[in-house]
file data_7.txt (compact mmCIF, C-alpha atoms (C1' of nucleotides))
# COMPACT_ATOMS: atom_id res chain seq x y z
CA MET A 106 170.74 67.07 154.13
CA LEU A 107 171.33 64.34 156.65
CA SER A 108 172.62 60.91 155.79
CA ASP A 109 170.67 57.83 156.80
CA ASP A 110 173.06 57.25 159.66
CA GLU A 111 172.52 60.75 160.90
CA LYS A 112 168.78 60.36 160.63
CA VAL A 113 168.70 57.28 162.80
CA GLY A 114 171.14 58.96 165.16
CA ALA A 115 168.95 62.03 165.50
CA GLU A 116 165.98 59.77 166.06
CA ALA A 117 167.77 57.99 168.88
CA TYR A 118 168.77 61.32 170.36
CA PHE A 119 165.26 62.74 170.42
CA ALA A 120 163.83 59.47 171.66
CA LEU A 121 166.29 59.41 174.51
CA LEU A 122 165.41 62.87 175.73
CA GLU A 123 161.71 62.25 175.37
CA ALA A 124 161.70 58.88 177.07
CA GLY A 125 163.92 60.08 179.87
CA ASN A 126 161.69 63.05 180.45
CA LEU A 127 158.49 61.01 180.45
CA LEU A 128 159.95 58.36 182.71
CA PHE A 129 161.22 60.91 185.19
CA ALA A 130 157.86 62.67 185.26
CA ALA A 131 155.94 59.44 185.78
CA VAL A 132 158.15 58.31 188.63
CA ASP A 133 158.13 61.73 190.19
CA GLN A 134 154.35 61.87 190.24
CA GLN A 135 154.06 58.47 191.85
CA LEU A 136 156.64 59.15 194.51
CA ARG A 137 155.02 62.44 195.45
CA ARG A 138 151.67 60.73 195.73
CA ASP A 139 152.82 57.69 197.68
CA GLY A 140 155.59 59.09 199.79
CA GLU A 141 155.45 62.88 199.77
CA ILE A 142 158.86 62.95 198.20
CA SER A 143 160.27 64.11 194.88
CA HIS A 144 162.15 61.91 192.48
CA ALA A 145 165.22 64.07 193.01
CA GLN A 146 165.11 63.45 196.75
CA PHE A 147 164.36 59.78 196.29
CA GLU A 148 167.42 59.41 194.10
CA ILE A 149 169.57 61.01 196.76
CA LEU A 150 168.33 58.56 199.35
CA THR A 151 168.69 55.46 197.19
CA LYS A 152 172.18 56.40 196.09
CA LEU A 153 173.16 56.98 199.69
CA ARG A 154 171.65 53.72 200.76
CA ALA A 155 174.03 51.94 198.44
CA HIS A 156 176.89 53.58 200.33
CA PRO A 157 176.56 52.72 204.02
CA ASP A 158 179.74 54.63 204.82
CA GLY A 159 178.25 57.78 203.39
CA LEU A 160 179.27 60.00 200.52
CA ARG A 161 180.88 63.41 200.29
CA MET A 162 178.70 66.19 198.94
CA SER A 163 180.80 66.62 195.82
CA ASP A 164 180.87 62.94 195.00
CA LEU A 165 177.14 62.68 195.50
CA ALA A 166 176.56 65.65 193.24
CA ASN A 167 178.65 64.06 190.52
CA VAL A 168 176.87 60.74 190.79
CA LEU A 169 173.48 62.40 190.61
CA VAL A 170 174.39 64.88 187.87
CA VAL A 171 173.26 67.95 189.80
CA SER A 172 175.08 71.09 190.82
CA ARG A 173 176.74 71.27 194.21
CA SER A 174 174.54 74.14 195.30
CA GLY A 175 171.43 72.32 194.19
CA LEU A 176 172.49 69.32 196.22
CA THR A 177 173.07 71.51 199.27
CA TYR A 178 169.48 72.65 199.03
CA GLN A 179 168.01 69.16 198.82
CA VAL A 180 170.26 67.73 201.49
CA THR A 181 169.10 70.48 203.83
CA GLN A 182 165.48 69.62 203.08
CA LEU A 183 166.06 65.92 203.70
CA GLU A 184 167.99 66.60 206.87
CA LYS A 185 165.09 68.66 208.21
CA ARG A 186 162.82 65.69 207.57
CA GLY A 187 165.21 63.38 209.38
CA LEU A 188 165.91 61.27 206.32
CA LEU A 189 169.65 61.82 206.29
CA GLN A 190 172.45 63.19 208.40
CA ARG A 191 175.43 65.34 207.68
CA GLY A 192 178.68 64.32 209.29
CA SER A 193 182.31 65.26 209.15
CA ALA A 194 185.13 63.37 207.54
CA PRO A 195 188.13 62.38 209.59
CA GLY A 196 191.19 64.30 208.52
CA ASP A 197 189.51 67.04 206.46
CA ASP A 198 187.18 69.52 208.07
CA ARG A 199 186.03 70.94 204.75
CA VAL A 200 184.32 67.74 203.78
CA VAL A 201 180.72 66.93 204.62
CA VAL A 202 179.75 63.27 204.54
CA VAL A 203 176.10 62.39 204.16
CA ARG A 204 174.40 59.22 205.36
CA VAL A 205 170.83 57.96 205.27
CA THR A 206 168.95 57.41 208.52
CA PRO A 207 166.87 54.35 209.42
CA ALA A 208 163.80 56.47 208.72
CA ALA A 209 164.91 56.86 205.14
CA GLU A 210 165.48 53.15 204.78
CA GLY A 211 161.96 52.60 206.00
CA LEU A 212 160.61 55.10 203.51
CA ILE A 213 162.52 53.49 200.66
CA ASP A 214 161.23 50.06 201.65
CA HIS A 215 157.75 51.49 201.69
CA LEU A 216 158.06 53.02 198.22
CA GLU A 217 160.12 50.35 196.49
CA PRO A 218 157.34 47.95 195.46
CA GLY A 219 155.24 50.57 193.72
CA HIS A 220 158.32 52.07 192.20
CA VAL A 221 159.48 48.77 190.75
CA GLN A 222 156.04 48.06 189.44
CA LEU A 223 155.76 51.40 187.69
CA VAL A 224 159.11 50.96 186.01
CA ARG A 225 158.26 47.42 184.99
CA GLN A 226 155.03 48.67 183.52
CA ALA A 227 156.83 51.42 181.62
CA PHE A 228 159.11 48.81 180.07
CA SER A 229 156.32 46.31 179.50
CA ALA A 230 156.50 46.73 175.73
CA VAL A 231 160.12 45.61 175.80
CA THR A 232 159.89 41.85 175.81
CA ASP A 233 163.23 40.71 174.46
CA ARG A 234 165.84 40.45 177.12
CA ARG A 235 168.58 41.23 174.66
CA ASP A 236 166.90 44.56 174.05
CA PHE A 237 167.36 45.38 177.71
CA GLU A 238 170.98 44.44 177.54
CA THR A 239 171.53 46.48 174.41
CA LEU A 240 169.79 49.43 175.99
CA ALA A 241 171.83 49.25 179.17
CA ARG A 242 175.06 48.79 177.25
CA ILE A 243 174.57 51.69 174.84
CA LEU A 244 173.29 54.08 177.45
CA GLY A 245 176.21 53.13 179.64
CA GLN A 246 178.63 53.99 176.84
CA LEU A 247 176.82 57.24 176.29
CA SER A 248 177.03 58.21 179.94
CA GLN A 249 180.68 57.34 180.04
CA THR A 250 181.43 59.51 177.03
CA LEU A 251 179.44 62.41 178.40
CA ARG A 252 181.03 62.20 181.82
CA ALA A 253 184.47 62.17 180.26
CA THR A 254 183.89 65.46 178.47
CA ARG A 255 182.00 67.02 181.35
CA ARG A 256 183.57 70.13 182.85
CA HIS A 257 185.38 69.43 186.08
CA ASP A 258 186.08 73.03 187.06
CA ASP A 259 182.87 73.91 188.83
CA GLY A 260 181.98 76.58 191.34
CA MET B 295 165.95 39.70 195.84
CA LEU B 296 165.71 40.68 192.22
CA SER B 297 165.76 38.19 189.37
CA ASP B 298 168.31 38.54 186.61
CA ASP B 299 165.69 40.02 184.35
CA GLU B 300 164.82 42.60 186.93
CA LYS B 301 168.46 43.41 187.45
CA VAL B 302 169.06 44.16 183.80
CA GLY B 303 165.81 46.06 183.72
CA ALA B 304 166.81 48.22 186.66
CA GLU B 305 170.17 48.79 185.02
CA ALA B 306 168.49 50.00 181.86
CA TYR B 307 166.22 52.25 183.89
CA PHE B 308 169.02 53.94 185.78
CA ALA B 309 171.13 54.21 182.66
CA LEU B 310 168.29 55.90 180.83
CA LEU B 311 167.78 58.55 183.47
CA GLU B 312 171.49 59.16 183.82
CA ALA B 313 172.23 59.36 180.11
CA GLY B 314 169.22 61.56 179.46
CA ASN B 315 170.25 63.89 182.22
CA LEU B 316 173.86 64.11 181.08
CA LEU B 317 172.89 64.61 177.47
CA PHE B 318 170.41 67.34 178.31
CA ALA B 319 172.96 69.11 180.48
CA ALA B 320 175.66 68.95 177.82
CA VAL B 321 173.40 70.30 175.10
CA ASP B 322 172.02 72.97 177.40
CA GLN B 323 175.48 74.25 178.23
CA GLN B 324 176.51 74.44 174.62
CA LEU B 325 173.35 76.22 173.48
CA ARG B 326 173.65 78.79 176.25
CA ARG B 327 177.24 79.42 175.31
CA ASP B 328 176.76 79.60 171.55
CA GLY B 329 173.32 81.10 171.28
CA GLU B 330 172.26 82.58 174.61
CA ILE B 331 169.38 80.16 174.68
CA SER B 332 168.36 77.28 176.92
CA HIS B 333 167.78 73.76 175.71
CA ALA B 334 164.15 74.09 176.74
CA GLN B 335 163.70 77.13 174.54
CA PHE B 336 165.64 75.57 171.69
CA GLU B 337 163.35 72.57 171.74
CA ILE B 338 160.33 74.81 171.52
CA LEU B 339 161.74 76.51 168.46
CA THR B 340 162.81 73.35 166.68
CA LYS B 341 159.47 71.66 167.31
CA LEU B 342 157.67 74.69 165.99
CA ARG B 343 159.89 74.86 162.96
CA ALA B 344 158.70 71.41 161.99
CA HIS B 345 155.15 72.77 162.00
CA PRO B 346 155.01 75.76 159.66
CA ASP B 347 151.28 76.19 160.31
CA GLY B 348 151.95 76.63 164.00
CA LEU B 349 150.88 74.63 167.03
CA ARG B 350 148.37 75.23 169.77
CA MET B 351 149.79 75.80 173.22
CA SER B 352 148.31 72.60 174.59
CA ASP B 353 149.58 70.45 171.76
CA LEU B 354 153.02 71.96 172.05
CA ALA B 355 153.05 71.32 175.78
CA ASN B 356 152.16 67.69 175.21
CA VAL B 357 154.80 67.21 172.56
CA LEU B 358 157.46 68.76 174.76
CA VAL B 359 156.38 67.04 177.98
CA VAL B 360 156.06 70.25 179.99
CA SER B 361 153.17 71.78 181.89
CA ARG B 362 150.93 74.29 180.18
CA SER B 363 151.87 77.01 182.62
CA GLY B 364 155.55 76.30 182.14
CA LEU B 365 155.10 76.61 178.41
CA THR B 366 153.26 79.91 178.81
CA TYR B 367 156.29 81.27 180.62
CA GLN B 368 158.79 80.19 177.98
CA VAL B 369 156.63 81.27 175.07
CA THR B 370 156.39 84.71 176.64
CA GLN B 371 160.16 84.88 176.95
CA LEU B 372 160.67 83.81 173.35
CA GLU B 373 158.04 86.23 172.11
CA LYS B 374 159.82 89.07 173.89
CA ARG B 375 162.98 88.10 172.05
CA GLY B 376 161.12 88.06 168.75
CA LEU B 377 161.74 84.37 168.15
CA LEU B 378 158.10 83.38 167.90
CA GLN B 379 154.67 84.86 167.59
CA ARG B 380 151.36 84.10 169.19
CA GLY B 381 148.34 84.11 166.93
CA SER B 382 144.70 83.20 167.09
CA ALA B 383 142.98 80.19 165.62
CA PRO B 384 140.07 80.64 163.23
CA GLY B 385 136.84 79.44 164.78
CA ASP B 386 137.96 79.22 168.40
CA ASP B 387 139.00 82.30 170.31
CA ARG B 388 140.29 80.33 173.27
CA VAL B 389 143.11 78.82 171.28
CA VAL B 390 146.54 80.37 170.89
CA VAL B 391 148.61 79.23 167.94
CA VAL B 392 152.36 79.71 168.09
CA ARG B 393 154.70 80.08 165.12
CA VAL B 394 158.43 80.66 164.78
CA THR B 395 159.70 83.85 163.20
CA PRO B 396 162.44 84.13 160.55
CA ALA B 397 164.75 85.32 163.32
CA ALA B 398 164.30 81.98 165.07
CA GLU B 399 165.03 80.08 161.89
CA GLY B 400 168.22 82.05 161.56
CA LEU B 401 169.18 81.25 165.12
CA ILE B 402 168.49 77.57 164.63
CA ASP B 403 170.57 77.52 161.46
CA HIS B 404 173.34 79.21 163.37
CA LEU B 405 173.26 76.67 166.21
CA GLU B 406 172.53 73.51 164.27
CA PRO B 407 176.07 72.56 163.20
CA GLY B 408 177.54 72.71 166.67
CA HIS B 409 174.51 70.99 168.06
CA VAL B 410 174.76 68.11 165.60
CA GLN B 411 178.44 67.78 166.27
CA LEU B 412 177.98 67.61 170.02
CA VAL B 413 175.35 64.93 169.73
CA ARG B 414 177.46 62.97 167.28
CA GLN B 415 180.35 63.18 169.69
CA ALA B 416 178.18 62.00 172.56
CA PHE B 417 177.21 58.94 170.53
CA SER B 418 180.69 58.38 169.17
CA ALA B 419 181.16 55.20 171.19
CA VAL B 420 178.13 53.69 169.47
CA THR B 421 179.55 52.36 166.22
CA ASP B 422 177.06 49.70 165.18
CA ARG B 423 174.19 51.10 163.23
CA ARG B 424 171.86 48.39 164.49
CA ASP B 425 172.50 49.65 167.99
CA PHE B 426 171.09 53.00 166.98
CA GLU B 427 168.06 51.35 165.50
CA THR B 428 167.52 49.23 168.57
CA LEU B 429 167.89 52.27 170.77
CA ALA B 430 165.41 54.33 168.77
CA ARG B 431 162.95 51.47 168.61
CA ILE B 432 162.98 50.63 172.32
CA LEU B 433 162.89 54.21 173.48
CA GLY B 434 160.03 54.85 171.09
CA GLN B 435 158.08 51.97 172.61
CA LEU B 436 158.85 53.28 176.05
CA SER B 437 157.63 56.76 175.22
CA GLN B 438 154.48 55.37 173.69
CA THR B 439 153.71 53.34 176.79
CA LEU B 440 154.36 56.26 179.09
CA ARG B 441 152.29 58.65 177.05
CA ALA B 442 149.41 56.21 177.06
CA THR B 443 149.27 56.10 180.84
CA ARG B 444 149.99 59.79 181.29
CA ARG B 445 147.30 61.82 183.03
CA HIS B 446 145.18 63.81 180.61
CA ASP B 447 143.29 65.85 183.17
CA ASP B 448 145.70 68.69 183.69
CA GLY B 449 145.23 71.99 185.53
C1' DC C 289 117.86 82.19 175.08
C1' DG C 290 120.40 80.95 179.74
C1' DC C 291 122.75 78.09 182.84
C1' DA C 292 125.96 74.17 183.57
C1' DT C 293 129.88 72.11 182.14
C1' DG C 294 134.07 71.62 179.48
C1' DT C 295 138.24 73.43 177.20
C1' DC C 296 142.13 76.62 176.75
C1' DC C 297 145.34 79.79 178.32
C1' DT C 298 147.35 82.66 181.86
C1' DT C 299 148.35 84.28 186.59
C1' DC C 300 149.88 83.28 191.05
C1' DG C 301 152.71 81.44 194.79
C1' DA C 302 155.83 77.92 196.16
C1' DA C 303 159.58 74.84 195.23
C1' DT C 304 163.66 73.80 192.86
C1' DT C 305 167.62 74.61 190.06
C1' DC C 306 171.83 76.87 188.59
C1' DG C 307 176.26 79.73 188.54
C1' DA C 308 178.84 83.23 190.83
C1' DA C 309 180.57 84.72 194.93
C1' DA C 310 181.55 84.04 199.78
C1' DC C 311 183.59 81.18 203.34
C1' DA C 312 186.29 77.79 205.41
C1' DT C 313 189.84 74.59 205.37
C1' DC C 314 193.81 72.23 203.37
C1' DT C 315 198.44 72.07 200.85
C1' DT C 316 202.41 73.70 198.85
C1' DC C 317 206.44 75.94 198.87
C1' DA C 318 209.79 79.23 200.19
C1' DT D 278 205.76 79.86 209.91
C1' DG D 279 202.99 82.14 206.48
C1' DA D 280 201.33 83.63 202.07
C1' DA D 281 199.21 81.85 197.69
C1' DG D 282 196.52 78.85 195.56
C1' DA D 283 193.54 74.66 195.59
C1' DT D 284 189.53 72.29 197.28
C1' DG D 285 184.82 71.65 199.53
C1' DT D 286 180.57 73.54 200.88
C1' DT D 287 177.19 77.02 201.42
C1' DT D 288 174.81 81.46 200.49
C1' DC D 289 172.76 84.49 197.31
C1' DG D 290 169.96 86.15 193.47
C1' DA D 291 167.88 85.02 189.18
C1' DA D 292 165.54 81.84 186.19
C1' DT D 293 162.55 78.11 185.57
C1' DT D 294 159.16 74.76 186.78
C1' DC D 295 154.82 73.05 188.58
C1' DG D 296 149.84 72.73 190.20
C1' DA D 297 145.92 75.27 191.68
C1' DA D 298 143.01 78.86 190.84
C1' DG D 299 141.18 82.39 187.75
C1' DG D 300 139.29 84.19 183.46
C1' DA D 301 137.59 83.80 178.78
C1' DC D 302 135.32 81.34 175.34
C1' DA D 303 132.58 77.13 173.55
C1' DT D 304 129.12 73.55 173.70
C1' DG D 305 125.10 71.01 175.16
C1' DC D 306 120.65 70.85 176.90
C1' DG D 307 116.53 72.51 179.13
call {"tool": "encode", "arguments": {"input": "data_7.txt", "output": "structure tokens"}}
result
Amino acid sequence: MLSDDEKVGAEAYFALLEAGNLLFAAVDQQLRRDGEISHAQFEILTKLRAHPDGLRMSDLANVLVVSRSGLTYQVTQLEKRGLLQRGSAPGDDRVVVVRVTPAAEGLIDHLEPGHVQLVRQAFSAVTDRRDFETLARILGQLSQTLRATRRHDDG
Amino acid sequence: MLSDDEKVGAEAYFALLEAGNLLFAAVDQQLRRDGEISHAQFEILTKLRAHPDGLRMSDLANVLVVSRSGLTYQVTQLEKRGLLQRGSAPGDDRVVVVRVTPAAEGLIDHLEPGHVQLVRQAFSAVTDRRDFETLARILGQLSQTLRATRRHDDG
DNA sequence: CGCATGTCCTTCGAATTCGAAACATCTTCA
DNA sequence: TGAAGATGTTTCGAATTCGAAGGACATGCG
């Protein structure tokens, strides 16, 4: 038998997976419709846009929580579409640094308004600003904990 | 430029996707290691266990937030392993009703302790019980909103 | 009844994901 | 220098996912 604390914990756990799943699916559908791009690819581009100097493949994979090989696949797709470029890093020829192209910035600008609106709509039932802050804080703690125990010995 | 409200909203949005992703990945890894089963399959079994009379394929797909065809695939896999059974529904020969087998209940019982411990560990940084309640409440609202606007006209 | 339409599940092909293994390049240390 | 191990990325095969199309049954209406 579960204690009351465990019950509310399990509830939060299931709710997190469900909400995350639904939110991802909703955003994915919209992005595919409006911009012929998947949510996974969109996340790559937006993360890269926040790093004008580019990111190494491994770092990008860690940020996005995907495997290195999975990232290789998507980066190849995006490079074929001219939305990003692979480059080399000075001083280490093993490293591949990825940067967005102006075309990608244009695409992001094109998609951003609808994207923001969809997310706002999804959260429309959350009216108290403190709820947002609580949500962001707890989920941030959760991510931090999970990243800390995440295996580092890949490949 | 985003307002402060939009900033905290965007933060919550990104945190939700990230935490959900990390949590799913962590649980998936553990279940594969301890029980030779994926998180997706484990969720099917646990949902079904909560419904001793079985569930129709469509209803199960909706609950789990997966496509009908994707569910068909996983149900076939699980049936091959003897963890669930397909049956017919009285009065409508189109419908397939799925039920867990005793073997699946045994597997769930075997995996449950480690599963609970992992989740508890993931949430270990969340110490205030009201935070759990807030989390469950907000994410529940979010799921409800997203389900309401979800497309019902599937393949 | 008999056809049109709707519902439910599965099949099919394409896209995406992962982990293991392969490859290439550093770094360390003798 | 050069071998051994570490690090970074890609290739490969297998598993999983989706949406569209197909097939089977149900329902409504003439």
call {"tool": "interface_residues", "arguments": {"input": "data_7.txt", "of": "chain B", "to": "chain D", "cutoff": "9 Å", "atoms": "all atoms listed in the file", "output": "PyMOL selection string"}}
result
chain B and resi 360-361+363-364+367-368+386-388+448-449
call {"tool": "closest_atom_pairs", "arguments": {"input": "data_7.txt", "of": "chain B", "to": "chain A", "cutoff": "7 Å", "atoms": "all atoms listed in the file", "output": "tab-separated table"}}
result
residue	atom	partner	partner_atom	distance
B:Val302	CA	A:Phe237	CA	6.4
B:Gly303	CA	A:Phe237	CA	6.2
B:Glu305	CA	A:Ala241	CA	6.1
B:Ala306	CA	A:Ala241	CA	4.4
B:Ala309	CA	A:Leu244	CA	5.6
B:Leu310	CA	A:Gly125	CA	6.1
B:Leu311	CA	A:Gly125	CA	5.5
B:Glu312	CA	A:Ser248	CA	6.8
B:Ala313	CA	A:Ser248	CA	4.9
B:Gly314	CA	A:Leu122	CA	5.5
B:Leu316	CA	A:Leu251	CA	6.4
B:Leu317	CA	A:Leu251	CA	7.0
B:Val359	CA	A:Leu127	CA	6.8
B:Ala416	CA	A:Leu251	CA	6.0
B:Phe417	CA	A:Leu247	CA	6.0
B:Ala419	CA	A:Gln246	CA	6.3
B:Val420	CA	A:Ile243	CA	6.7
B:Phe426	CA	A:Gly114	CA	6.2
B:Glu427	CA	A:Val113	CA	6.5
B:Leu429	CA	A:Ala117	CA	6.0
B:Ala430	CA	A:Ala117	CA	4.4
B:Ile432	CA	A:Val231	CA	6.7
B:Leu433	CA	A:Ala120	CA	5.6
B:Gly434	CA	A:Ala120	CA	6.0
B:Gln435	CA	A:Ala230	CA	6.3
B:Leu436	CA	A:Phe228	CA	6.0
B:Ser437	CA	A:Ala124	CA	4.9
B:Thr439	CA	A:Ala227	CA	6.1
B:Leu440	CA	A:Ala227	CA	6.0
call {"tool": "write_last_selection", "arguments": {"input": "data_7.txt", "atoms": "C-alpha atoms", "output": "compact mmCIF listing (two decimals), in the coordinates of the input"}}
result
# COMPACT_ATOMS: atom_id res chain seq x y z
CA VAL B 302 169.06 44.16 183.80
CA GLY B 303 165.81 46.06 183.72
CA GLU B 305 170.17 48.79 185.02
CA ALA B 306 168.49 50.00 181.86
CA ALA B 309 171.13 54.21 182.66
CA LEU B 310 168.29 55.90 180.83
CA LEU B 311 167.78 58.55 183.47
CA GLU B 312 171.49 59.16 183.82
CA ALA B 313 172.23 59.36 180.11
CA GLY B 314 169.22 61.56 179.46
CA LEU B 316 173.86 64.11 181.08
CA LEU B 317 172.89 64.61 177.47
CA VAL B 359 156.38 67.04 177.98
CA ALA B 416 178.18 62.00 172.56
CA PHE B 417 177.21 58.94 170.53
CA ALA B 419 181.16 55.20 171.19
CA VAL B 420 178.13 53.69 169.47
CA PHE B 426 171.09 53.00 166.98
CA GLU B 427 168.06 51.35 165.50
CA LEU B 429 167.89 52.27 170.77
CA ALA B 430 165.41 54.33 168.77
CA ILE B 432 162.98 50.63 172.32
CA LEU B 433 162.89 54.21 173.48
CA GLY B 434 160.03 54.85 171.09
CA GLN B 435 158.08 51.97 172.61
CA LEU B 436 158.85 53.28 176.05
CA SER B 437 157.63 56.76 175.22
CA THR B 439 153.71 53.34 176.79
CA LEU B 440 154.36 56.26 179.09
call {"tool": "residues_around", "arguments": {"input": "data_7.txt", "residues": "region 204-216 of chain A", "least_positions_apart": "2", "cutoff": "8 Å", "atoms": "all atoms listed in the file", "output": "number ranges by chain"}}
result
A: 136, 139-140, 147, 150-151, 153-154, 156-160, 187-192, 202, 218-220
call {"tool": "interface_residues", "arguments": {"input": "data_7.txt", "of": "chain C", "to": "chain B", "cutoff": "8 Å", "atoms": "only C-alpha atoms (C1' of nucleotides)", "output": "list in words"}}
result
DC296, DC297 and DT298 of chain C
call {"tool": "atom_distance", "arguments": {"input": "data_7.txt", "atom1": "CA of His333 (chain B)", "atom2": "CA of Ala145 (chain A)"}}
result
20.0 Å
call {"tool": "atom_distance", "arguments": {"input": "data_7.txt", "atom1": "CA of Ser332 (chain B)", "atom2": "CA of Ser143 (chain A)"}}
result
23.7 Å
call {"tool": "axis_aligned_box", "arguments": {"input": "data_7.txt", "around": "region 357-369 of chain B", "padding_each_side": "4 Å", "output": "lines of an AutoDock Vina configuration file"}}
result
center_x = 154.9
center_y = 74.2
center_z = 177.6
size_x = 15.9
size_y = 22.2
size_z = 18.1
call {"tool": "atom_distance", "arguments": {"input": "data_7.txt", "atom1": "C1' of DC311 (chain C)", "atom2": "CA of Gln323 (chain B)"}}
result
27.3 Å
call {"tool": "decode", "arguments": {"input": "data_7.txt", "residues": "region 373-384 of chain B", "atoms": "N, CA and C atoms", "output": "PDB file, in the first residue's frame"}}
result
ATOM      1  N   GLU B 373       1.716  -9.728 -26.924  1.00  0.00           N
ATOM      2  CA  GLU B 373       0.946 -10.965 -27.020  1.00  0.00           C
ATOM      3  C   GLU B 373       1.887 -12.136 -27.314  1.00  0.00           C
ATOM      4  N   LYS B 374       2.871 -11.895 -28.181  1.00  0.00           N
ATOM      5  CA  LYS B 374       3.840 -12.950 -28.480  1.00  0.00           C
ATOM      6  C   LYS B 374       4.582 -13.395 -27.228  1.00  0.00           C
ATOM      7  N   ARG B 375       4.819 -12.431 -26.338  1.00  0.00           N
ATOM      8  CA  ARG B 375       5.526 -12.760 -25.099  1.00  0.00           C
ATOM      9  C   ARG B 375       4.591 -13.298 -24.024  1.00  0.00           C
ATOM     10  N   GLY B 376       3.316 -13.392 -24.342  1.00  0.00           N
ATOM     11  CA  GLY B 376       2.370 -13.939 -23.377  1.00  0.00           C
ATOM     12  C   GLY B 376       2.021 -13.003 -22.243  1.00  0.00           C
ATOM     13  N   LEU B 377       2.214 -11.694 -22.464  1.00  0.00           N
ATOM     14  CA  LEU B 377       1.949 -10.751 -21.380  1.00  0.00           C
ATOM     15  C   LEU B 377       0.557 -10.145 -21.465  1.00  0.00           C
ATOM     16  N   LEU B 378      -0.099 -10.331 -22.593  1.00  0.00           N
ATOM     17  CA  LEU B 378      -1.487  -9.897 -22.693  1.00  0.00           C
ATOM     18  C   LEU B 378      -2.203 -10.757 -23.716  1.00  0.00           C
ATOM     19  N   GLN B 379      -3.506 -10.596 -23.738  1.00  0.00           N
ATOM     20  CA  GLN B 379      -4.330 -11.365 -24.655  1.00  0.00           C
ATOM     21  C   GLN B 379      -5.320 -10.457 -25.355  1.00  0.00           C
ATOM     22  N   ARG B 380      -5.506 -10.706 -26.627  1.00  0.00           N
ATOM     23  CA  ARG B 380      -6.577 -10.037 -27.349  1.00  0.00           C
ATOM     24  C   ARG B 380      -7.851 -10.860 -27.219  1.00  0.00           C
ATOM     25  N   GLY B 381      -8.969 -10.175 -27.107  1.00  0.00           N
ATOM     26  CA  GLY B 381     -10.252 -10.867 -27.063  1.00  0.00           C
ATOM     27  C   GLY B 381     -11.282 -10.069 -27.847  1.00  0.00           C
ATOM     28  N   SER B 382     -12.440 -10.634 -27.977  1.00  0.00           N
ATOM     29  CA  SER B 382     -13.490  -9.934 -28.727  1.00  0.00           C
ATOM     30  C   SER B 382     -14.484  -9.319 -27.751  1.00  0.00           C
ATOM     31  N   ALA B 383     -15.209  -8.349 -28.255  1.00  0.00           N
ATOM     32  CA  ALA B 383     -16.208  -7.683 -27.433  1.00  0.00           C
ATOM     33  C   ALA B 383     -17.592  -8.197 -27.818  1.00  0.00           C
ATOM     34  N   PRO B 384     -18.424  -8.473 -26.821  1.00  0.00           N
ATOM     35  CA  PRO B 384     -19.765  -8.966 -27.132  1.00  0.00           C
ATOM     36  C   PRO B 384     -20.580  -7.877 -27.816  1.00  0.00           C
TER      37      PRO B 384
END
